[in-house]
Amino acid sequence: MKWRYKMKNIPVVMIIFGGSGDLAHRKLYPALFNLYEQGLIHDNFAVIGTARRPWSHEYLRGQVSDAIHETHTEVDENDVKDFTSHFYYQSHDVTNVEHYVTLKELAQELDDRYSAQGNRLFYMAMAPRFFGTIATHIDDQHLTGSGFNRIVVEKPFGRDLKSAEELNKQITASFSENEIFRIDHYLGKEMIQNILPMRFTNPLIKNIWNKGNLKNIQVTFAERLGVEARGEYYETSGALRDMVQNHIFQIITLLAMPEPENISSEAIHKAKQELLESLIIPNAEQVKKDFVRGQYAGSDTTFAYKKEPKVNPNSLTETYVAGKVKFERGPIADVPIYFRTGKKFKEKKNRIDIVLKHINTPYGQAYSNNITIEIDPKSRIFITINGKKISEEGIRRENLDYTFSKSELAEVPDGYECLLHDVFVNDSTNFTHWSELKRYWMFIDAIEDAWQKENEAGNPDIVQYAPYRMGPTESNHIFESPTEHWIYE
Ligand code: NAD
């Protein structure tokens with residue numbers, strides 16, 4: 001990725017809300033250090049970490065240094081020292097208006113000290129319930145600078161269309177759409193960023209990307225873990241909001257969008273928006289037919305979801321969802337895109353299977369060609385291909401593999417590094433535009449509403465599934481034809 005780091009020494013004061021949190025420690029500080037090592041930020045930057053705890057600048061610097069050592073095997077200690085010297089801590093309760101006045105003064109002082117040219121970057125690395133409050137006080141206490149102003153908003157952005165609209169209103173009081181970076185770290189992953197180049201540089205792939213050739217597309221996001229200690233949060237979310245509204249829909253959009261006029265951020269968002277306007281929003285009847293929701297059951301060795309700590313024993317929150325998405329326009333208009341995601345699958349696996357239609361062959365039955373993109377835990381693409389069996393009659397199936405070598409893998413930056421880089425250089429290609437997010441929420445709301453009505457009628461259609469297998473077998477019934485099935489089993 002070094003080729004991307006064309007800009008150097010970007011002047012900026014960055015303010016992280018949630019500077020003592022897990023995301024900041026595990027992801028943001030190591031990513032910022034890598035960007036510093038590559039010179040993207042270097043002499044003219046300062047980072048203010050804020051949280052409620054009464055830390056000192058020195059204590060925060062120690063934390064940042066620990067975060068770097070925990071994620072890097074070899075570091076130059078002089079670099080770590082110089083890098084951490086740019087960090088400052090401000091004890092700050094985001095609900096206290098007066099604290100924003102102190103924060104503003106510190107930002108201005110650091111701007112002068114580091115010649116940051118009035119540039120401000122705000123990062124909301126906190127629980128989503130605080131996003132609106134922070135945005136409101138950035139506005140009413142005039143925290144924006146005289147140079148560029150950008151804000152990064154973590155997921156989830158709202159919990160339905162209404163709350164997302166409200167949050168967007170609060171943020172747009174101080175920031176215009178092109179200054180808002182709604183982050184989904186999945187879009188920073190190498191294999192996700194590979195989808196468009198793969199689709200549009202290979203005639204082999206580009207020319208079959210249509211209803212005539214594709215039978216369906218399948219997106220699977222399987223987790224081995226249960227909700228662990230996150231029961232309380234999960235009860236307010238569920239698999240649909242937690243995984244589908246963001247990661248899965250972003251991937252579906254990349255798979256189904258028309259070819260952009262060029263690869264600028266504007267052109268890519270334009271193509272995505274064109275597609276999403278034609279997203280078919282399901283009605284209650286379609287939800288019943290095309291979607292499955294489930295909860296993991298228990299076993300001798302593991303708890304059922306309803307028995308997990310801080311989970312309502314009568315909970316109707318889904319830990320699994322499978323469903324169907326279709327578009328009216330775009331290159332794969334009318335091709336069914338099936339997705340499923342859930343906890344306590346047999347293994348962690350995030351993958352996309354593109355299934356081609358069968359053809360008649362003079363050799364009799366052949367296997368279907370599938371293109372599989374594995375995102376996690378491995379980054380890999382493979383295409384199943386038919387050929388002749390050696391020394392006997394018949395057709396065999398082999399994989400054509402596209403994998404990374406060990407040294408290439410070592411070069412792949414973490415998603416957060418990639419995306420933070422993009423924020424610094426003002427490239428919003430891999431962030432969610434408001435008009436896209438709105439369509440995602442409309443789809444999710446339609447399903448949530450249908451489920452809610454079932455729940456209220458005392459008739460919730462939610463199935464229990466065996467842990468550490470492939471989720472509920474009911475998901476085999478959402479296919480449009482009896483010849484379709486899940487490729488990954
Ligand atoms: P966390 O609970 O570890 O950190 C929250 C931070 O907010 C802490 O620094 C805490 O001190 C601070 N805080 C809480 N109340 C405050 C208040 N009133 N005033 C000031 N500070 C206050 O959370 P996290 O895991 O770091 O997650 C932060 C955000 O990042 C969430 O939106 C989450 O969805 C998102 N996210 C996290 C991860 C991850 O790996 N942790 C990954 C993807 C997205």
# chains A, B, ... in the order shown; residues from 1 in each chain; ligands from 1

$ select_by_dssp --residues "segment 107-216 of chain A" --states "strand (DSSP E)" --output "number ranges by chain"
A: 120-124, 149-153, 180-182, 214-216

$ write_last_selection --atoms "N, CA and C atoms" --output "mmCIF file, in the first residue's frame"
data_model
loop_
_atom_site.group_PDB
_atom_site.id
_atom_site.type_symbol
_atom_site.label_atom_id
_atom_site.label_comp_id
_atom_site.auth_asym_id
_atom_site.auth_seq_id
_atom_site.Cartn_x
_atom_site.Cartn_y
_atom_site.Cartn_z
ATOM 1 N N ARG A 120 -9.064 20.229 11.527
ATOM 2 C CA ARG A 120 -9.565 19.426 12.645
ATOM 3 C C ARG A 120 -10.143 18.114 12.135
ATOM 4 N N LEU A 121 -9.796 17.058 12.860
ATOM 5 C CA LEU A 121 -10.386 15.745 12.569
ATOM 6 C C LEU A 121 -10.977 15.206 13.868
ATOM 7 N N PHE A 122 -12.289 14.967 13.869
ATOM 8 C CA PHE A 122 -12.978 14.461 15.060
ATOM 9 C C PHE A 122 -13.279 12.976 14.846
ATOM 10 N N TYR A 123 -13.053 12.177 15.863
ATOM 11 C CA TYR A 123 -13.326 10.734 15.735
ATOM 12 C C TYR A 123 -14.227 10.311 16.884
ATOM 13 N N MET A 124 -15.425 9.813 16.549
ATOM 14 C CA MET A 124 -16.360 9.361 17.586
ATOM 15 C C MET A 124 -16.118 7.879 17.854
ATOM 16 N N ASN A 149 -12.336 20.496 8.094
ATOM 17 C CA ASN A 149 -12.986 19.845 9.237
ATOM 18 C C ASN A 149 -13.589 18.537 8.759
ATOM 19 N N ARG A 150 -13.265 17.456 9.463
ATOM 20 C CA ARG A 150 -13.809 16.149 9.086
ATOM 21 C C ARG A 150 -14.236 15.415 10.346
ATOM 22 N N ILE A 151 -15.243 14.580 10.205
ATOM 23 C CA ILE A 151 -15.683 13.798 11.365
ATOM 24 C C ILE A 151 -15.857 12.336 10.962
ATOM 25 N N VAL A 152 -15.314 11.449 11.784
ATOM 26 C CA VAL A 152 -15.468 10.012 11.541
ATOM 27 C C VAL A 152 -16.498 9.486 12.540
ATOM 28 N N VAL A 153 -17.508 8.816 12.030
ATOM 29 C CA VAL A 153 -18.563 8.294 12.894
ATOM 30 C C VAL A 153 -18.543 6.770 12.825
ATOM 31 N N ILE A 180 -18.250 14.171 6.286
ATOM 32 C CA ILE A 180 -18.670 13.112 7.219
ATOM 33 C C ILE A 180 -18.189 11.759 6.696
ATOM 34 N N PHE A 181 -17.436 11.046 7.519
ATOM 35 C CA PHE A 181 -16.899 9.735 7.139
ATOM 36 C C PHE A 181 -17.553 8.668 8.026
ATOM 37 N N ARG A 182 -18.632 8.053 7.490
ATOM 38 C CA ARG A 182 -19.310 6.988 8.249
ATOM 39 C C ARG A 182 -18.520 5.716 8.004
ATOM 40 N N LEU A 214 -25.613 -15.659 -14.241
ATOM 41 C CA LEU A 214 -25.539 -15.898 -12.788
ATOM 42 C C LEU A 214 -26.841 -16.494 -12.269
ATOM 43 N N LYS A 215 -26.684 -17.541 -11.520
ATOM 44 C CA LYS A 215 -27.864 -18.174 -10.915
ATOM 45 C C LYS A 215 -28.228 -17.422 -9.634
ATOM 46 N N ASN A 216 -27.232 -17.223 -8.798
ATOM 47 C CA ASN A 216 -27.448 -16.438 -7.583
ATOM 48 C C ASN A 216 -26.096 -16.045 -6.995
#

$ closest_atom_pairs --of "chain A" --to "ligand 1" --cutoff "10 Å" --atoms "only C-alpha atoms and all ligand atoms" --output "CSV"
residue,atom,partner,partner_atom_place_in_ligand_line,distance
A:Ile16,CA,ligand 1,9 (O),9.0
A:Phe17,CA,ligand 1,21 (N),6.4
A:Gly18,CA,ligand 1,9 (O),3.4
A:Gly19,CA,ligand 1,9 (O),4.8
A:Ser20,CA,ligand 1,9 (O),3.6
A:Gly21,CA,ligand 1,4 (O),3.3
A:Asp22,CA,ligand 1,3 (O),3.8
A:Leu23,CA,ligand 1,26 (O),3.6
A:Ala24,CA,ligand 1,26 (O),5.9
A:His25,CA,ligand 1,26 (O),7.7
A:Arg26,CA,ligand 1,40 (O),6.9
A:Lys27,CA,ligand 1,40 (O),7.0
A:Leu28,CA,ligand 1,26 (O),9.5
A:Gly49,CA,ligand 1,9 (O),8.6
A:Thr50,CA,ligand 1,21 (N),6.6
A:Ala51,CA,ligand 1,21 (N),3.8
A:Arg52,CA,ligand 1,20 (C),4.6
A:Arg53,CA,ligand 1,11 (O),6.5
A:Gln90,CA,ligand 1,20 (C),9.9
A:Ser91,CA,ligand 1,20 (C),7.8
A:His92,CA,ligand 1,20 (C),5.4
A:Asp93,CA,ligand 1,19 (N),3.5
A:Val94,CA,ligand 1,19 (N),4.1
A:Thr95,CA,ligand 1,18 (N),5.8
A:Asn96,CA,ligand 1,19 (N),8.1
A:His99,CA,ligand 1,19 (N),9.8
A:Tyr123,CA,ligand 1,29 (C),9.6
A:Met124,CA,ligand 1,29 (C),7.0
A:Ala125,CA,ligand 1,28 (C),4.2
A:Met126,CA,ligand 1,28 (C),3.8
A:Ala127,CA,ligand 1,32 (O),4.5
A:Pro128,CA,ligand 1,32 (O),4.9
A:Arg129,CA,ligand 1,32 (O),8.5
A:Phe130,CA,ligand 1,18 (N),7.5
A:Phe131,CA,ligand 1,32 (O),8.5
A:Thr133,CA,ligand 1,18 (N),9.8
A:Ile134,CA,ligand 1,19 (N),9.3
A:Val153,CA,ligand 1,32 (O),7.9
A:Glu154,CA,ligand 1,32 (O),4.9
A:Lys155,CA,ligand 1,34 (O),5.2
A:Pro156,CA,ligand 1,34 (O),6.1
A:Phe157,CA,ligand 1,32 (O),8.6
A:Ile183,CA,ligand 1,44 (C),8.5
A:Asp184,CA,ligand 1,43 (C),7.6
A:His185,CA,ligand 1,43 (C),6.7
A:Tyr186,CA,ligand 1,43 (C),9.1
A:Tyr233,CA,ligand 1,34 (O),9.9
A:Asp242,CA,ligand 1,34 (O),9.3
A:Tyr416,CA,ligand 1,43 (C),9.3

$ write_last_selection --atoms "C-alpha atoms" --output "CSV table (one decimal), in the first residue's frame"
chain,number,residue,atom,x,y,z
A,16,ILE,CA,-10.6,11.2,19.7
A,17,PHE,CA,-13.8,10.9,21.8
A,18,GLY,CA,-13.3,7.7,23.6
A,19,GLY,CA,-9.5,7.9,23.9
A,20,SER,CA,-9.4,5.3,26.7
A,21,GLY,CA,-11.6,2.8,24.9
A,22,ASP,CA,-11.0,-0.6,23.3
A,23,LEU,CA,-11.2,0.7,19.7
A,24,ALA,CA,-8.7,3.5,20.3
A,25,HIS,CA,-6.3,1.2,22.0
A,26,ARG,CA,-6.4,-1.9,19.7
A,27,LYS,CA,-7.0,-0.2,16.4
A,28,LEU,CA,-6.7,3.6,16.2
A,49,GLY,CA,-7.4,11.7,23.5
A,50,THR,CA,-10.5,12.4,25.6
A,51,ALA,CA,-12.5,10.3,28.1
A,52,ARG,CA,-13.9,10.8,31.6
A,53,ARG,CA,-11.0,9.3,33.5
A,90,GLN,CA,-8.1,15.9,28.1
A,91,SER,CA,-10.5,14.7,30.7
A,92,HIS,CA,-13.9,15.3,29.2
A,93,ASP,CA,-17.4,14.2,29.8
A,94,VAL,CA,-19.2,14.4,26.5
A,95,THR,CA,-22.4,15.4,28.2
A,96,ASN,CA,-20.8,18.5,30.0
A,99,HIS,CA,-15.8,20.6,28.9
A,123,TYR,CA,-13.3,10.7,15.7
A,124,MET,CA,-16.4,9.4,17.6
A,125,ALA,CA,-14.9,6.2,19.1
A,126,MET,CA,-17.6,5.9,21.7
A,127,ALA,CA,-20.9,4.2,22.4
A,128,PRO,CA,-23.4,5.3,19.6
A,129,ARG,CA,-25.8,6.8,22.1
A,130,PHE,CA,-23.3,9.7,22.6
A,131,PHE,CA,-22.8,10.5,18.9
A,133,THR,CA,-24.6,14.8,22.0
A,134,ILE,CA,-21.0,15.2,20.7
A,153,VAL,CA,-18.6,8.3,12.9
A,154,GLU,CA,-18.4,4.7,14.1
A,155,LYS,CA,-21.1,2.2,13.5
A,156,PRO,CA,-23.9,1.8,14.1
A,157,PHE,CA,-25.2,5.0,12.6
A,183,ILE,CA,-16.9,4.2,8.9
A,184,ASP,CA,-17.4,0.5,8.3
A,185,HIS,CA,-14.1,-1.2,8.9
A,186,TYR,CA,-15.1,-4.0,6.6
A,233,TYR,CA,-25.8,-4.6,23.8
A,242,ASP,CA,-25.5,-5.7,13.8
A,416,TYR,CA,-8.5,0.9,10.1

$ residues_around --residues "segment 6-11 of chain A" --least-positions-apart "6" --cutoff "10 Å" --atoms "only C-alpha atoms" --output "number ranges by chain"
A: 35-36, 38-46, 111, 114-120, 147-148, 421, 424-425

$ closest_residue --among "A:Pro282, A:Gly298, A:Gly364, A:Pro331" --to "Asn213 of chain A" --atoms "only C-alpha atoms"
A:Pro331

$ closest_residue --among "A:Gln193, A:Gln170, A:Thr319, A:Ser481" --to "Arg224 of chain A" --atoms "only C-alpha atoms"
A:Thr319

$ closest_residue --among "A:Lys389, A:Arg397, A:Arg340, A:Arg230" --to "Ser368 of chain A" --atoms "only C-alpha atoms"
A:Arg397

$ residues_around --residues "Lys344 of chain A" --least-positions-apart "3" --cutoff "12 Å" --atoms "only C-alpha atoms" --output "PyMOL selection string"
chain A and resi 221-228+294-299+302-305+319-320+341+347-349+464-472

$ residues_around --residues "Gly132 of chain A" --least-positions-apart "5" --cutoff "10 Å" --atoms "only C-alpha atoms" --output "ChimeraX atom specification"
/A:137-138,158,163-164,166-171

$ residues_around --residues "Glu448 of chain A" --least-positions-apart "3" --cutoff "10 Å" --atoms "only C-alpha atoms" --output "PyMOL selection string"
chain A and resi 160+240-241+284+287+442-445+451-454

$ residues_around --residues "segment 259-265 of chain A" --least-positions-apart "2" --cutoff "9 Å" --atoms "only C-alpha atoms" --output "list in words"
Leu196, Arg199, Phe200, Met257, Ala267, Ile268, His269, Lys270, Ala271, Lys272, Gly330, Pro331, Asp427, Ser428, Thr429 and Asn430 of chain A

$ write_last_selection --atoms "N, CA, C and O atoms" --output "mmCIF file, in the first residue's frame"
data_model
loop_
_atom_site.group_PDB
_atom_site.id
_atom_site.type_symbol
_atom_site.label_atom_id
_atom_site.label_comp_id
_atom_site.auth_asym_id
_atom_site.auth_seq_id
_atom_site.Cartn_x
_atom_site.Cartn_y
_atom_site.Cartn_z
ATOM 1 N N LEU A 196 -14.362 -4.575 -6.769
ATOM 2 C CA LEU A 196 -14.577 -3.791 -7.999
ATOM 3 C C LEU A 196 -13.463 -4.028 -9.021
ATOM 4 O O LEU A 196 -13.768 -4.270 -10.200
ATOM 5 N N ARG A 199 -14.143 -7.333 -10.612
ATOM 6 C CA ARG A 199 -15.305 -7.337 -11.514
ATOM 7 C C ARG A 199 -15.034 -6.614 -12.826
ATOM 8 O O ARG A 199 -15.521 -7.020 -13.871
ATOM 9 N N PHE A 200 -14.273 -5.507 -12.756
ATOM 10 C CA PHE A 200 -14.198 -4.646 -13.938
ATOM 11 C C PHE A 200 -12.895 -4.734 -14.725
ATOM 12 O O PHE A 200 -12.732 -4.034 -15.711
ATOM 13 N N MET A 257 -23.551 -3.228 -8.057
ATOM 14 C CA MET A 257 -23.585 -1.882 -8.647
ATOM 15 C C MET A 257 -23.127 -1.898 -10.108
ATOM 16 O O MET A 257 -22.370 -2.768 -10.523
ATOM 17 N N ALA A 267 -17.814 9.146 -8.547
ATOM 18 C CA ALA A 267 -18.372 8.230 -9.550
ATOM 19 C C ALA A 267 -18.809 6.912 -8.897
ATOM 20 O O ALA A 267 -19.853 6.347 -9.255
ATOM 21 N N ILE A 268 -18.034 6.448 -7.941
ATOM 22 C CA ILE A 268 -18.398 5.178 -7.280
ATOM 23 C C ILE A 268 -19.668 5.350 -6.454
ATOM 24 O O ILE A 268 -20.586 4.534 -6.514
ATOM 25 N N HIS A 269 -19.764 6.465 -5.723
ATOM 26 C CA HIS A 269 -20.993 6.688 -4.950
ATOM 27 C C HIS A 269 -22.197 6.885 -5.869
ATOM 28 O O HIS A 269 -23.300 6.458 -5.546
ATOM 29 N N LYS A 270 -21.962 7.519 -7.022
ATOM 30 C CA LYS A 270 -23.072 7.730 -7.959
ATOM 31 C C LYS A 270 -23.601 6.364 -8.441
ATOM 32 O O LYS A 270 -24.804 6.131 -8.475
ATOM 33 N N ALA A 271 -22.679 5.486 -8.788
ATOM 34 C CA ALA A 271 -23.093 4.153 -9.265
ATOM 35 C C ALA A 271 -23.814 3.383 -8.162
ATOM 36 O O ALA A 271 -24.819 2.700 -8.405
ATOM 37 N N LYS A 272 -23.328 3.509 -6.925
ATOM 38 C CA LYS A 272 -23.981 2.814 -5.802
ATOM 39 C C LYS A 272 -25.397 3.359 -5.602
ATOM 40 O O LYS A 272 -26.345 2.603 -5.378
ATOM 41 N N GLY A 330 -29.372 -2.429 -12.705
ATOM 42 C CA GLY A 330 -27.979 -2.823 -12.510
ATOM 43 C C GLY A 330 -27.681 -4.077 -13.297
ATOM 44 O O GLY A 330 -28.604 -4.740 -13.799
ATOM 45 N N PRO A 331 -26.415 -4.441 -13.391
ATOM 46 C CA PRO A 331 -26.024 -5.581 -14.234
ATOM 47 C C PRO A 331 -26.625 -6.909 -13.787
ATOM 48 O O PRO A 331 -26.824 -7.803 -14.598
ATOM 49 N N ASP A 427 -10.488 11.041 0.978
ATOM 50 C CA ASP A 427 -11.040 10.130 -0.031
ATOM 51 C C ASP A 427 -12.189 9.357 0.611
ATOM 52 O O ASP A 427 -11.966 8.500 1.466
ATOM 53 N N SER A 428 -13.415 9.643 0.209
ATOM 54 C CA SER A 428 -14.546 9.009 0.894
ATOM 55 C C SER A 428 -15.094 7.794 0.138
ATOM 56 O O SER A 428 -16.195 7.328 0.421
ATOM 57 N N THR A 429 -14.305 7.264 -0.800
ATOM 58 C CA THR A 429 -14.759 6.101 -1.583
ATOM 59 C C THR A 429 -15.278 4.980 -0.688
ATOM 60 O O THR A 429 -16.342 4.415 -0.945
ATOM 61 N N ASN A 430 -14.527 4.670 0.349
ATOM 62 C CA ASN A 430 -14.865 3.496 1.164
ATOM 63 C C ASN A 430 -15.618 3.851 2.442
ATOM 64 O O ASN A 430 -15.466 3.185 3.471
#

$ atom_distance --atom1 "atom CA of Trp209 of chain A" --atom2 "atom CA of Thr473 of chain A"
29.1 Å

$ atom_distance --atom1 "atom CA of Glu274 of chain A" --atom2 "atom CA of Pro258 of chain A"
8.1 Å

$ atom_distance --atom1 "atom CA of Leu316 of chain A" --atom2 "atom CA of Tyr234 of chain A"
11.3 Å

$ select_by_dssp --residues "segment 226-461 of chain A" --states "helix (DSSP H, G or I)" --output "PyMOL selection string"
chain A and resi 228-235+238-256+265-276+284-290+305-307+406-411+415-424+434-456
